[in-house]
$ cat data_26.cif   # mmCIF, C-alpha atoms
data_target
#
loop_
_atom_site.group_PDB
_atom_site.id
_atom_site.type_symbol
_atom_site.label_atom_id
_atom_site.label_comp_id
_atom_site.auth_asym_id
_atom_site.auth_seq_id
_atom_site.Cartn_x
_atom_site.Cartn_y
_atom_site.Cartn_z
ATOM 1 C CA MET A 1 53.464 128.508 74.288
ATOM 2 C CA ASP A 2 54.354 131.618 72.271
ATOM 3 C CA ILE A 3 57.735 130.675 70.786
ATOM 4 C CA GLU A 4 58.110 134.097 69.186
ATOM 5 C CA GLN A 5 57.940 135.844 72.568
ATOM 6 C CA LEU A 6 60.512 133.348 73.890
ATOM 7 C CA SER A 7 62.927 133.896 70.993
ATOM 8 C CA HIS A 8 65.433 135.533 73.359
ATOM 9 C CA LEU A 9 65.822 132.198 75.204
ATOM 10 C CA PRO A 10 67.948 129.250 74.036
ATOM 11 C CA ALA A 11 66.109 126.199 72.675
ATOM 12 C CA LYS A 12 67.057 124.274 75.819
ATOM 13 C CA LYS A 13 65.135 126.792 77.923
ATOM 14 C CA HIS A 14 62.098 126.401 75.660
ATOM 15 C CA ARG A 15 62.143 122.658 76.302
ATOM 16 C CA GLU A 16 62.530 123.178 80.050
ATOM 17 C CA LEU A 17 59.612 125.596 80.200
ATOM 18 C CA GLN A 18 57.461 123.171 78.211
ATOM 19 C CA ARG A 19 58.350 120.460 80.723
ATOM 20 C CA VAL A 20 57.583 122.712 83.697
ATOM 21 C CA THR A 21 54.196 123.634 82.236
ATOM 22 C CA GLN A 22 53.469 119.957 81.546
ATOM 23 C CA VAL A 23 54.201 119.027 85.181
ATOM 24 C CA LEU A 24 51.903 121.780 86.483
ATOM 25 C CA PHE A 25 49.038 120.609 84.277
ATOM 26 C CA GLU A 26 49.594 116.922 85.050
ATOM 27 C CA GLU A 27 49.487 117.451 88.800
ATOM 28 C CA PHE A 28 46.473 119.763 88.556
ATOM 29 C CA GLU A 29 44.511 117.343 86.402
ATOM 30 C CA ASP A 30 45.504 114.340 88.514
ATOM 31 C CA ALA A 31 44.147 116.043 91.655
ATOM 32 C CA LEU A 32 41.009 117.047 89.747
ATOM 33 C CA LYS A 33 40.130 113.381 89.212
ATOM 34 C CA THR A 34 39.292 113.038 92.912
ATOM 35 C CA LYS A 35 36.706 115.837 92.856
ATOM 36 C CA VAL A 36 33.026 114.929 92.849
ATOM 37 C CA SER A 37 31.121 118.232 92.726
ATOM 38 C CA GLU A 38 30.270 119.647 89.308
ATOM 39 C CA LYS A 39 31.889 122.986 90.143
ATOM 40 C CA ASN A 40 35.143 121.367 91.187
ATOM 41 C CA LYS A 41 35.160 119.253 88.048
ATOM 42 C CA ARG A 42 35.137 122.532 86.085
ATOM 43 C CA GLY A 43 38.397 123.642 87.667
ATOM 44 C CA ARG A 44 40.908 124.944 85.151
ATOM 45 C CA ILE A 45 44.302 126.497 84.821
ATOM 46 C CA VAL A 46 43.564 129.510 82.634
ATOM 47 C CA LYS A 47 47.019 131.071 82.412
ATOM 48 C CA VAL A 48 50.653 130.240 83.047
ATOM 49 C CA ILE A 49 52.785 133.381 82.768
ATOM 50 C CA LEU A 50 56.584 133.563 82.845
ATOM 51 C CA PHE A 51 57.824 136.708 84.573
ATOM 52 C CA GLY A 52 61.071 137.968 86.080
ATOM 53 C CA SER A 53 64.545 137.680 84.621
ATOM 54 C CA TYR A 54 63.783 134.952 82.070
ATOM 55 C CA ALA A 55 60.904 137.018 80.689
ATOM 56 C CA ARG A 56 63.018 140.184 80.616
ATOM 57 C CA GLY A 57 66.089 138.464 79.201
ATOM 58 C CA ASN A 58 68.546 139.369 81.989
ATOM 59 C CA TRP A 59 68.797 136.023 83.786
ATOM 60 C CA VAL A 60 72.025 135.011 85.536
ATOM 61 C CA GLU A 61 73.815 131.662 85.561
ATOM 62 C CA ASP A 62 76.914 132.074 87.742
ATOM 63 C CA HIS A 63 78.131 128.495 88.056
ATOM 64 C CA THR A 64 81.311 129.626 89.841
ATOM 65 C CA GLY A 65 79.613 131.677 92.536
ATOM 66 C CA GLY A 66 76.595 129.379 92.643
ATOM 67 C CA TYR A 67 73.854 131.922 91.876
ATOM 68 C CA LEU A 68 71.272 130.831 89.299
ATOM 69 C CA SER A 69 68.193 132.796 88.305
ATOM 70 C CA ASP A 70 64.953 130.858 88.741
ATOM 71 C CA TYR A 71 62.030 130.478 86.403
ATOM 72 C CA ASP A 72 59.279 132.611 87.965
ATOM 73 C CA LEU A 73 55.746 131.621 86.995
ATOM 74 C CA LEU A 74 52.292 132.928 87.801
ATOM 75 C CA VAL A 75 49.643 130.206 87.558
ATOM 76 C CA VAL A 76 46.112 131.583 87.221
ATOM 77 C CA VAL A 77 43.111 129.348 88.042
ATOM 78 C CA ASN A 78 39.406 129.915 87.640
ATOM 79 C CA TYR A 79 38.110 129.174 91.176
ATOM 80 C CA ASP A 80 39.236 129.814 94.763
ATOM 81 C CA ASN A 81 39.187 126.063 95.474
ATOM 82 C CA PHE A 82 42.202 125.669 93.206
ATOM 83 C CA GLY A 83 44.254 128.531 94.654
ATOM 84 C CA GLU A 84 47.529 128.325 96.544
ATOM 85 C CA ASN A 85 46.253 125.767 99.100
ATOM 86 C CA TYR A 86 45.073 123.270 96.483
ATOM 87 C CA GLU A 87 46.810 119.933 97.080
ATOM 88 C CA ALA A 88 48.146 119.710 93.535
ATOM 89 C CA TRP A 89 50.582 122.589 94.003
ATOM 90 C CA GLU A 90 52.617 121.001 96.783
ATOM 91 C CA ARG A 91 52.988 117.858 94.700
ATOM 92 C CA ALA A 92 53.909 119.921 91.656
ATOM 93 C CA GLY A 93 56.597 121.719 93.657
ATOM 94 C CA GLU A 94 58.023 118.427 94.922
ATOM 95 C CA ARG A 95 58.011 116.955 91.446
ATOM 96 C CA LEU A 96 59.728 119.986 89.912
ATOM 97 C CA LEU A 97 62.430 119.712 92.568
ATOM 98 C CA GLN A 98 62.917 116.057 91.599
ATOM 99 C CA GLU A 99 63.103 117.064 87.945
ATOM 100 C CA LEU A 100 65.899 119.478 88.910
ATOM 101 C CA THR A 101 67.908 117.351 91.343
ATOM 102 C CA ILE A 102 67.216 113.692 90.479
ATOM 103 C CA THR A 103 65.977 113.105 86.934
ATOM 104 C CA ARG A 104 67.712 116.259 85.636
ATOM 105 C CA ASN A 105 64.978 116.936 83.106
ATOM 106 C CA ILE A 106 65.399 120.619 83.942
ATOM 107 C CA ALA A 107 68.531 122.503 84.949
ATOM 108 C CA THR A 108 66.895 125.692 86.231
ATOM 109 C CA PRO A 109 65.138 126.072 89.611
ATOM 110 C CA VAL A 110 61.411 126.815 89.403
ATOM 111 C CA ASN A 111 59.272 129.078 91.560
ATOM 112 C CA PHE A 112 55.569 129.486 90.963
ATOM 113 C CA ILE A 113 52.729 131.319 92.654
ATOM 114 C CA VAL A 114 49.027 130.580 92.221
ATOM 115 C CA HIS A 115 46.205 133.128 92.141
ATOM 116 C CA THR A 116 42.649 133.106 90.888
ATOM 117 C CA TYR A 117 41.676 135.003 87.763
ATOM 118 C CA VAL A 118 39.398 137.281 89.796
ATOM 119 C CA ASP A 119 42.174 138.030 92.282
ATOM 120 C CA VAL A 120 44.737 138.862 89.590
ATOM 121 C CA ASN A 121 42.343 141.293 87.925
ATOM 122 C CA SER A 122 41.451 142.782 91.309
ATOM 123 C CA GLN A 123 45.141 143.407 92.035
ATOM 124 C CA LEU A 124 45.576 144.978 88.596
ATOM 125 C CA ALA A 125 42.577 147.232 89.246
ATOM 126 C CA ARG A 126 44.191 148.276 92.547
ATOM 127 C CA GLY A 127 47.453 149.003 90.754
ATOM 128 C CA LEU A 128 49.741 146.690 92.736
ATOM 129 C CA PRO A 129 53.160 147.028 91.063
ATOM 130 C CA PHE A 130 53.915 143.294 91.241
ATOM 131 C CA PHE A 131 50.909 142.359 89.119
ATOM 132 C CA VAL A 132 51.188 145.433 86.885
ATOM 133 C CA ASP A 133 54.763 144.397 86.030
ATOM 134 C CA ILE A 134 53.644 140.849 85.206
ATOM 135 C CA ALA A 135 50.823 142.128 82.987
ATOM 136 C CA ARG A 136 53.283 144.414 81.183
ATOM 137 C CA ASP A 137 56.385 142.205 80.907
ATOM 138 C CA GLY A 138 55.199 138.628 81.448
ATOM 139 C CA ILE A 139 55.155 136.040 78.670
ATOM 140 C CA PRO A 140 52.210 133.602 78.517
ATOM 141 C CA LEU A 141 53.271 129.968 78.361
ATOM 142 C CA TYR A 142 49.602 129.006 78.356
ATOM 143 C CA ASP A 143 46.663 131.341 77.809
ATOM 144 C CA ALA A 144 43.097 130.007 77.681
ATOM 145 C CA PRO A 145 40.724 132.083 75.547
ATOM 146 C CA GLY A 146 38.116 134.183 77.301
ATOM 147 C CA TYR A 147 40.223 135.324 80.257
ATOM 148 C CA PRO A 148 41.630 138.768 79.420
ATOM 149 C CA LEU A 149 43.657 140.627 82.017
ATOM 150 C CA ALA A 150 42.165 143.851 83.330
ATOM 151 C CA SER A 151 43.669 147.176 82.332
ATOM 152 C CA PRO A 152 45.991 148.056 85.199
ATOM 153 C CA LYS A 153 45.478 151.137 87.310
ATOM 154 C CA MET A 154 48.536 153.046 88.450
ATOM 155 C CA LEU A 155 48.803 153.901 92.134
ATOM 156 C CA SER A 156 49.779 157.469 92.839
ATOM 157 C CA PRO A 157 53.258 157.878 94.375
ATOM 158 C CA GLN A 158 51.674 158.934 97.669
ATOM 159 C CA GLU A 159 49.307 155.944 97.736
ATOM 160 C CA ALA A 160 52.200 153.591 97.008
ATOM 161 C CA ARG A 161 54.376 155.178 99.673
ATOM 162 C CA ASP A 162 51.643 155.082 102.316
ATOM 163 C CA GLU A 163 51.036 151.384 101.709
ATOM 164 C CA ALA A 164 54.761 150.584 101.629
ATOM 165 C CA LYS A 165 55.356 152.488 104.874
ATOM 166 C CA LYS A 166 52.549 150.560 106.555
ATOM 167 C CA HIS A 167 54.196 147.280 105.540
ATOM 168 C CA PHE A 168 57.621 148.438 106.740
ATOM 169 C CA ASP A 169 56.263 149.543 110.119
ATOM 170 C CA HIS A 170 54.727 146.104 110.615
ATOM 171 C CA TRP A 171 57.413 143.734 109.310
ATOM 172 C CA PHE A 172 60.760 145.335 110.160
ATOM 173 C CA PRO A 173 60.190 145.678 113.935
ATOM 174 C CA SER A 174 58.797 142.132 113.938
ATOM 175 C CA ALA A 175 61.996 140.850 112.312
ATOM 176 C CA THR A 176 64.123 142.798 114.790
ATOM 177 C CA TYR A 177 62.255 141.248 117.711
ATOM 178 C CA CYS A 178 62.758 137.727 116.293
ATOM 179 C CA MET A 179 66.467 138.472 115.986
ATOM 180 C CA ARG A 180 66.608 139.414 119.668
ATOM 181 C CA GLN A 181 64.723 136.250 120.591
ATOM 182 C CA ALA A 182 67.243 134.208 118.593
ATOM 183 C CA GLU A 183 70.160 135.787 120.435
ATOM 184 C CA TYR A 184 68.475 135.116 123.801
ATOM 185 C CA ALA A 185 67.949 131.459 122.837
ATOM 186 C CA LEU A 186 71.547 131.019 121.723
ATOM 187 C CA ARG A 187 72.866 132.555 124.941
ATOM 188 C CA ASP A 188 70.670 130.096 126.825
ATOM 189 C CA GLN A 189 72.155 127.225 124.766
ATOM 190 C CA GLN A 190 68.873 126.457 123.032
ATOM 191 C CA PRO A 191 70.078 125.908 119.443
ATOM 192 C CA LYS A 192 66.764 124.698 118.017
ATOM 193 C CA HIS A 193 64.861 127.662 119.454
ATOM 194 C CA GLY A 194 67.626 129.897 118.133
ATOM 195 C CA ALA A 195 67.456 128.376 114.657
ATOM 196 C CA PHE A 196 63.669 128.798 114.513
ATOM 197 C CA GLN A 197 63.870 132.449 115.550
ATOM 198 C CA LEU A 198 66.644 133.097 113.019
ATOM 199 C CA HIS A 199 64.363 131.611 110.371
ATOM 200 C CA GLN A 200 61.554 133.896 111.502
ATOM 201 C CA ALA A 201 63.811 136.947 111.391
ATOM 202 C CA ALA A 202 64.910 136.131 107.837
ATOM 203 C CA GLU A 203 61.358 135.345 106.712
ATOM 204 C CA ARG A 204 60.034 138.634 108.060
ATOM 205 C CA LEU A 205 62.873 140.603 106.478
ATOM 206 C CA TYR A 206 62.078 139.093 103.084
ATOM 207 C CA HIS A 207 58.363 139.777 103.456
ATOM 208 C CA CYS A 208 59.275 143.327 104.482
ATOM 209 C CA VAL A 209 61.446 144.137 101.470
ATOM 210 C CA LEU A 210 59.061 142.461 99.003
ATOM 211 C CA LEU A 211 56.057 144.350 100.363
ATOM 212 C CA VAL A 212 57.867 147.683 100.447
ATOM 213 C CA ILE A 213 59.241 147.374 96.921
ATOM 214 C CA ALA A 214 56.381 145.572 95.139
ATOM 215 C CA LEU A 215 53.491 145.805 97.649
ATOM 216 C CA TYR A 216 53.240 142.024 97.356
ATOM 217 C CA SER A 217 54.806 139.012 99.027
ATOM 218 C CA PRO A 218 53.840 135.359 98.530
ATOM 219 C CA LYS A 219 52.305 133.618 101.535
ATOM 220 C CA SER A 220 55.197 131.267 102.117
ATOM 221 C CA HIS A 221 57.556 130.241 104.902
ATOM 222 C CA LYS A 222 60.090 128.786 102.453
ATOM 223 C CA LEU A 223 63.213 130.909 102.623
ATOM 224 C CA THR A 224 64.605 129.543 99.365
ATOM 225 C CA PHE A 225 61.497 130.818 97.598
ATOM 226 C CA LEU A 226 61.349 134.158 99.447
ATOM 227 C CA ARG A 227 65.061 134.734 98.918
ATOM 228 C CA SER A 228 64.672 134.155 95.179
ATOM 229 C CA GLN A 229 61.742 136.580 94.939
ATOM 230 C CA ALA A 230 63.556 139.268 96.927
ATOM 231 C CA GLU A 231 66.799 138.894 94.976
ATOM 232 C CA ARG A 232 64.846 139.163 91.733
ATOM 233 C CA LEU A 233 63.667 142.645 92.782
ATOM 234 C CA ALA A 234 66.837 143.682 94.623
ATOM 235 C CA PRO A 235 69.970 141.964 93.233
ATOM 236 C CA SER A 236 72.082 143.673 95.914
ATOM 237 C CA LEU A 237 70.701 141.053 98.331
ATOM 238 C CA ILE A 238 72.412 138.197 96.463
ATOM 239 C CA SER A 239 75.748 138.846 98.179
ATOM 240 C CA VAL A 240 74.192 138.356 101.640
ATOM 241 C CA TRP A 241 74.138 134.580 101.089
ATOM 242 C CA PRO A 242 77.333 133.131 99.568
ATOM 243 C CA ARG A 243 76.657 129.994 97.568
ATOM 244 C CA ASP A 244 80.188 129.016 96.611
ATOM 245 C CA THR A 245 80.962 126.624 99.497
ATOM 246 C CA LYS A 246 79.280 123.509 100.865
ATOM 247 C CA PHE A 247 79.325 125.073 104.327
ATOM 248 C CA ALA A 248 77.369 128.147 103.178
ATOM 249 C CA ARG A 249 74.835 126.068 101.268
ATOM 250 C CA ARG A 250 74.413 123.668 104.212
ATOM 251 C CA CYS A 251 73.865 126.538 106.653
ATOM 252 C CA PHE A 252 71.134 128.095 104.514
ATOM 253 C CA SER A 253 69.486 124.714 104.008
ATOM 254 C CA ARG A 254 69.366 124.143 107.767
ATOM 255 C CA LEU A 255 67.940 127.617 108.276
ATOM 256 C CA ASP A 256 65.288 126.951 105.625
ATOM 257 C CA ARG A 257 64.343 123.652 107.313
ATOM 258 C CA ALA A 258 64.200 125.224 110.766
ATOM 259 C CA TYR A 259 60.612 126.454 110.366
ATOM 260 C CA VAL A 260 59.355 122.878 110.689
ATOM 261 C CA ASP A 261 62.255 120.669 111.744
ATOM 262 C CA ALA A 262 63.719 122.812 114.536
ATOM 263 C CA ARG A 263 60.336 122.656 116.252
ATOM 264 C CA TYR A 264 59.143 119.144 115.496
ATOM 265 C CA SER A 265 62.013 116.861 114.488
ATOM 266 C CA PRO A 266 64.216 115.264 117.182
ATOM 267 C CA ALA A 267 66.696 114.543 114.379
ATOM 268 C CA TYR A 268 67.231 118.225 113.522
ATOM 269 C CA GLU A 269 70.814 119.291 114.244
ATOM 270 C CA ILE A 270 72.673 122.549 113.845
ATOM 271 C CA THR A 271 76.134 123.426 115.149
ATOM 272 C CA ASP A 272 77.314 126.484 117.054
ATOM 273 C CA GLU A 273 79.516 127.374 114.081
ATOM 274 C CA GLU A 274 76.541 127.236 111.707
ATOM 275 C CA LEU A 275 74.387 129.302 114.056
ATOM 276 C CA ALA A 276 77.111 131.935 114.435
ATOM 277 C CA TRP A 277 77.496 132.183 110.645
ATOM 278 C CA LEU A 278 73.727 132.419 110.140
ATOM 279 C CA THR A 279 73.444 135.120 112.807
ATOM 280 C CA GLU A 280 76.107 137.163 111.031
ATOM 281 C CA ARG A 281 74.447 136.766 107.627
ATOM 282 C CA ILE A 282 70.967 137.664 108.903
ATOM 283 C CA LYS A 283 72.360 140.820 110.511
ATOM 284 C CA LEU A 284 73.759 141.714 107.082
ATOM 285 C CA LEU A 285 70.365 140.958 105.562
ATOM 286 C CA GLN A 286 68.754 143.216 108.161
ATOM 287 C CA GLU A 287 71.108 146.075 107.258
ATOM 288 C CA ALA A 288 70.569 145.571 103.535
ATOM 289 C CA VAL A 289 66.778 145.458 103.871
ATOM 290 C CA ALA A 290 66.773 148.588 106.048
ATOM 291 C CA LYS A 291 68.733 150.484 103.379
ATOM 292 C CA LEU A 292 66.610 149.226 100.486
ATOM 293 C CA CYS A 293 63.410 150.155 102.287
ATOM 294 C CA ALA A 294 64.725 153.584 103.324
ATOM 295 C CA ASP A 295 65.753 154.298 99.735
ATOM 296 C CA LYS A 296 62.385 153.160 98.392
ATOM 297 C CA LEU A 297 60.386 155.168 100.893
ATOM 298 C CA ASP A 298 62.497 158.290 100.336
ATOM 299 C CA VAL A 299 62.172 158.003 96.561
ATOM 300 C CA ALA A 300 58.416 157.545 96.880
ATOM 301 C CA SER A 301 57.949 160.518 99.236
#
$ encode --input "data_26.cif" --output "structure tokens"
Amino acid sequence: MDIEQLSHLPAKKHRELQRVTQVLFEEFEDALKTKVSEKNKRGRIVKVILFGSYARGNWVEDHTGGYLSDYDLLVVVNYDNFGENYEAWERAGERLLQELTITRNIATPVNFIVHTYVDVNSQLARGLPFFVDIARDGIPLYDAPGYPLASPKMLSPQEARDEAKKHFDHWFPSATYCMRQAEYALRDQQPKHGAFQLHQAAERLYHCVLLVIALYSPKSHKLTFLRSQAERLAPSLISVWPRDTKFARRCFSRLDRAYVDARYSPAYEITDEELAWLTERIKLLQEAVAKLCADKLDVAS
């Protein structure tokens, strides 16, 4: 860990980031013990890069309003087998949540994405802004020798706009359709169907704004994660989801859980009041995303 590059962070944050990196390596290496092929035994984490607000130095800790910036990390591995679907990463995510909420070894939420070394360099060669920004502003917490990042290409404004417009044309209408489906379900007194469709509307809106702004969105259904990534790029979205009351936090938690639980768990419950509040907030999210995307596409044209 390069302490000099982290000099803008308090010592407590240094310790937290060391702990987060330790957990990632422990879970990776524990899963590696079960591998039998020689190639799999050579699996490695080659980089852990801090990016986002804690790398830039403009993180937020609003304990009154409830908004806290997350640690955003890019984990780079050497083989496809150890990418985002590798079993270690789900366990690492669960353990980091326990470190935050139970053992209290860390006080800052953690988000991490996993890509292979080849993929990261491919994205840099394509000029995807998300990876270009990480290469420029990110701080390595771990950096194995022999794995240099490629020199990034810069997309032309027209290339960037064309790709962003393609993403908008796919994701925004899809989100709008899910919103209509949610309203149909709620009118038919099908709260679980309604909750699932509200989740899908929110998920698609976050993918939409991330892809339009950065030409990248993580392959995730977790709204907490997607919300954090979108708010990192567009802080104006923070106000869509109040965090200062138990009711607001409970509503978002139930929306986040709806992707799995509203479909599969008989124990999943959500009230009419919660559904009405979530519908209102997702309509605000829809309006905010439409404006952000329109502004981005106009600027890029």
$ resolve_selection --input "data_26.cif" --expression "the PyMOL selection byres ((chain A and resi 100) around 12)" --output "VMD selection string"
chain A and resid 16 19 to 20 70 to 71 93 to 99 101 to 111
$ closest_residue --input "data_26.cif" --among "A:Gly66, A:Tyr86, A:Ser217, A:Gly57" --to "Gly43 in chain A" --atoms "only C-alpha atoms"
A:Tyr86
$ resolve_selection --input "data_26.cif" --expression "the PyMOL selection byres ((chain A and resi 214) around 9)" --output "MDAnalysis selection string"
chainID A and resid 128:131 164 209:213 215:217 233
$ resolve_selection --input "data_26.cif" --expression "the PyMOL selection byres ((chain A and resi 137-144) around 12)" --output "count of residues only"
56
$ atom_distance --input "data_26.cif" --atom1 "CA of Ala202 in chain A" --atom2 "CA of Glu87 in chain A"
26.6 Å
$ residues_near_point --input "data_26.cif" --point "(67.4, 132.8, 119.0)" --cutoff "7 Å" --atoms "all atoms listed in the file" --output "VMD selection string"
chain A and resid 179 to 186 193 to 195 197 to 198
$ atom_distance --input "data_26.cif" --atom1 "CA of Phe247 in chain A" --atom2 "CA of Gln286 in chain A"
21.3 Å
$ atom_distance --input "data_26.cif" --atom1 "CA of Asn81 in chain A" --atom2 "CA of Leu226 in chain A"
23.9 Å
$ closest_residue --input "data_26.cif" --among "A:Phe82, A:Tyr67, A:Phe252, A:Phe172" --to "Lys41 in chain A" --atoms "only C-alpha atoms"
A:Phe82
$ residues_around --input "data_26.cif" --residues "Asp256 in chain A" --least-positions-apart "4" --cutoff "8 Å" --atoms "only C-alpha atoms" --output "ChimeraX atom specification"
/A:199,222-224,252
$ closest_residue --input "data_26.cif" --among "A:Thr271, A:Ser122, A:Ser236, A:Ser220" --to "Glu90 in chain A" --atoms "only C-alpha atoms"
A:Ser220
$ axis_aligned_box --input "data_26.cif" --around "range 85-104 of chain A" --padding-each-side "5 Å" --output "lines of an AutoDock Vina configuration file"
center_x = 56.5
center_y = 119.4
center_z = 92.4
size_x = 32.8
size_y = 22.7
size_z = 23.5
$ build_atoms --input "data_26.cif" --residues "range 5-25 of chain A" --atoms "N, CA, C and O atoms" --output "PDB file, in the coordinates of the input"
ATOM      1  N   GLN A   5      57.641 135.021  71.399  1.00  0.00           N
ATOM      2  CA  GLN A   5      57.940 135.844  72.568  1.00  0.00           C
ATOM      3  C   GLN A   5      59.081 135.266  73.399  1.00  0.00           C
ATOM      4  O   GLN A   5      59.659 135.970  74.226  1.00  0.00           O
ATOM      5  N   LEU A   6      59.406 133.984  73.172  1.00  0.00           N
ATOM      6  CA  LEU A   6      60.512 133.348  73.890  1.00  0.00           C
ATOM      7  C   LEU A   6      61.762 133.266  73.031  1.00  0.00           C
ATOM      8  O   LEU A   6      62.700 132.549  73.376  1.00  0.00           O
ATOM      9  N   SER A   7      61.806 134.002  71.939  1.00  0.00           N
ATOM     10  CA  SER A   7      62.927 133.896  70.993  1.00  0.00           C
ATOM     11  C   SER A   7      64.253 134.336  71.602  1.00  0.00           C
ATOM     12  O   SER A   7      65.316 133.988  71.093  1.00  0.00           O
ATOM     13  N   HIS A   8      64.202 135.098  72.703  1.00  0.00           N
ATOM     14  CA  HIS A   8      65.433 135.533  73.359  1.00  0.00           C
ATOM     15  C   HIS A   8      66.053 134.427  74.214  1.00  0.00           C
ATOM     16  O   HIS A   8      67.159 134.592  74.729  1.00  0.00           O
ATOM     17  N   LEU A   9      65.326 133.305  74.385  1.00  0.00           N
ATOM     18  CA  LEU A   9      65.822 132.198  75.204  1.00  0.00           C
ATOM     19  C   LEU A   9      66.382 131.090  74.316  1.00  0.00           C
ATOM     20  O   LEU A   9      65.859 130.831  73.229  1.00  0.00           O
ATOM     21  N   PRO A  10      67.425 130.399  74.783  1.00  0.00           N
ATOM     22  CA  PRO A  10      67.948 129.250  74.036  1.00  0.00           C
ATOM     23  C   PRO A  10      66.903 128.148  73.922  1.00  0.00           C
ATOM     24  O   PRO A  10      65.978 128.044  74.738  1.00  0.00           O
ATOM     25  N   ALA A  11      67.062 127.293  72.906  1.00  0.00           N
ATOM     26  CA  ALA A  11      66.109 126.199  72.675  1.00  0.00           C
ATOM     27  C   ALA A  11      65.991 125.294  73.894  1.00  0.00           C
ATOM     28  O   ALA A  11      64.904 124.774  74.200  1.00  0.00           O
ATOM     29  N   LYS A  12      67.099 125.109  74.616  1.00  0.00           N
ATOM     30  CA  LYS A  12      67.057 124.274  75.819  1.00  0.00           C
ATOM     31  C   LYS A  12      66.089 124.846  76.850  1.00  0.00           C
ATOM     32  O   LYS A  12      65.363 124.096  77.530  1.00  0.00           O
ATOM     33  N   LYS A  13      66.057 126.156  76.977  1.00  0.00           N
ATOM     34  CA  LYS A  13      65.135 126.792  77.923  1.00  0.00           C
ATOM     35  C   LYS A  13      63.690 126.615  77.469  1.00  0.00           C
ATOM     36  O   LYS A  13      62.789 126.450  78.298  1.00  0.00           O
ATOM     37  N   HIS A  14      63.454 126.665  76.164  1.00  0.00           N
ATOM     38  CA  HIS A  14      62.098 126.401  75.660  1.00  0.00           C
ATOM     39  C   HIS A  14      61.631 125.022  76.107  1.00  0.00           C
ATOM     40  O   HIS A  14      60.498 124.856  76.583  1.00  0.00           O
ATOM     41  N   ARG A  15      62.509 124.037  75.940  1.00  0.00           N
ATOM     42  CA  ARG A  15      62.143 122.658  76.302  1.00  0.00           C
ATOM     43  C   ARG A  15      61.889 122.549  77.805  1.00  0.00           C
ATOM     44  O   ARG A  15      60.960 121.856  78.245  1.00  0.00           O
ATOM     45  N   GLU A  16      62.720 123.224  78.601  1.00  0.00           N
ATOM     46  CA  GLU A  16      62.530 123.178  80.050  1.00  0.00           C
ATOM     47  C   GLU A  16      61.191 123.794  80.446  1.00  0.00           C
ATOM     48  O   GLU A  16      60.455 123.242  81.273  1.00  0.00           O
ATOM     49  N   LEU A  17      60.862 124.930  79.860  1.00  0.00           N
ATOM     50  CA  LEU A  17      59.612 125.596  80.200  1.00  0.00           C
ATOM     51  C   LEU A  17      58.403 124.775  79.759  1.00  0.00           C
ATOM     52  O   LEU A  17      57.372 124.753  80.438  1.00  0.00           O
ATOM     53  N   GLN A  18      58.524 124.083  78.623  1.00  0.00           N
ATOM     54  CA  GLN A  18      57.461 123.171  78.211  1.00  0.00           C
ATOM     55  C   GLN A  18      57.279 122.051  79.233  1.00  0.00           C
ATOM     56  O   GLN A  18      56.156 121.667  79.574  1.00  0.00           O
ATOM     57  N   ARG A  19      58.400 121.531  79.732  1.00  0.00           N
ATOM     58  CA  ARG A  19      58.350 120.460  80.723  1.00  0.00           C
ATOM     59  C   ARG A  19      57.736 120.960  82.027  1.00  0.00           C
ATOM     60  O   ARG A  19      56.904 120.273  82.639  1.00  0.00           O
ATOM     61  N   VAL A  20      58.129 122.142  82.463  1.00  0.00           N
ATOM     62  CA  VAL A  20      57.583 122.712  83.697  1.00  0.00           C
ATOM     63  C   VAL A  20      56.072 122.890  83.567  1.00  0.00           C
ATOM     64  O   VAL A  20      55.305 122.517  84.468  1.00  0.00           O
ATOM     65  N   THR A  21      55.626 123.434  82.457  1.00  0.00           N
ATOM     66  CA  THR A  21      54.196 123.634  82.236  1.00  0.00           C
ATOM     67  C   THR A  21      53.470 122.300  82.216  1.00  0.00           C
ATOM     68  O   THR A  21      52.373 122.159  82.783  1.00  0.00           O
ATOM     69  N   GLN A  22      54.071 121.296  81.597  1.00  0.00           N
ATOM     70  CA  GLN A  22      53.469 119.957  81.546  1.00  0.00           C
ATOM     71  C   GLN A  22      53.286 119.399  82.955  1.00  0.00           C
ATOM     72  O   GLN A  22      52.228 118.840  83.276  1.00  0.00           O
ATOM     73  N   VAL A  23      54.288 119.535  83.808  1.00  0.00           N
ATOM     74  CA  VAL A  23      54.201 119.027  85.181  1.00  0.00           C
ATOM     75  C   VAL A  23      53.072 119.732  85.937  1.00  0.00           C
ATOM     76  O   VAL A  23      52.284 119.090  86.653  1.00  0.00           O
ATOM     77  N   LEU A  24      52.964 121.034  85.801  1.00  0.00           N
ATOM     78  CA  LEU A  24      51.903 121.780  86.483  1.00  0.00           C
ATOM     79  C   LEU A  24      50.521 121.269  86.062  1.00  0.00           C
ATOM     80  O   LEU A  24      49.646 121.045  86.906  1.00  0.00           O
ATOM     81  N   PHE A  25      50.337 121.087  84.766  1.00  0.00           N
ATOM     82  CA  PHE A  25      49.038 120.609  84.277  1.00  0.00           C
ATOM     83  C   PHE A  25      48.778 119.170  84.712  1.00  0.00           C
ATOM     84  O   PHE A  25      47.652 118.824  85.086  1.00  0.00           O
TER      85      PHE A  25
END
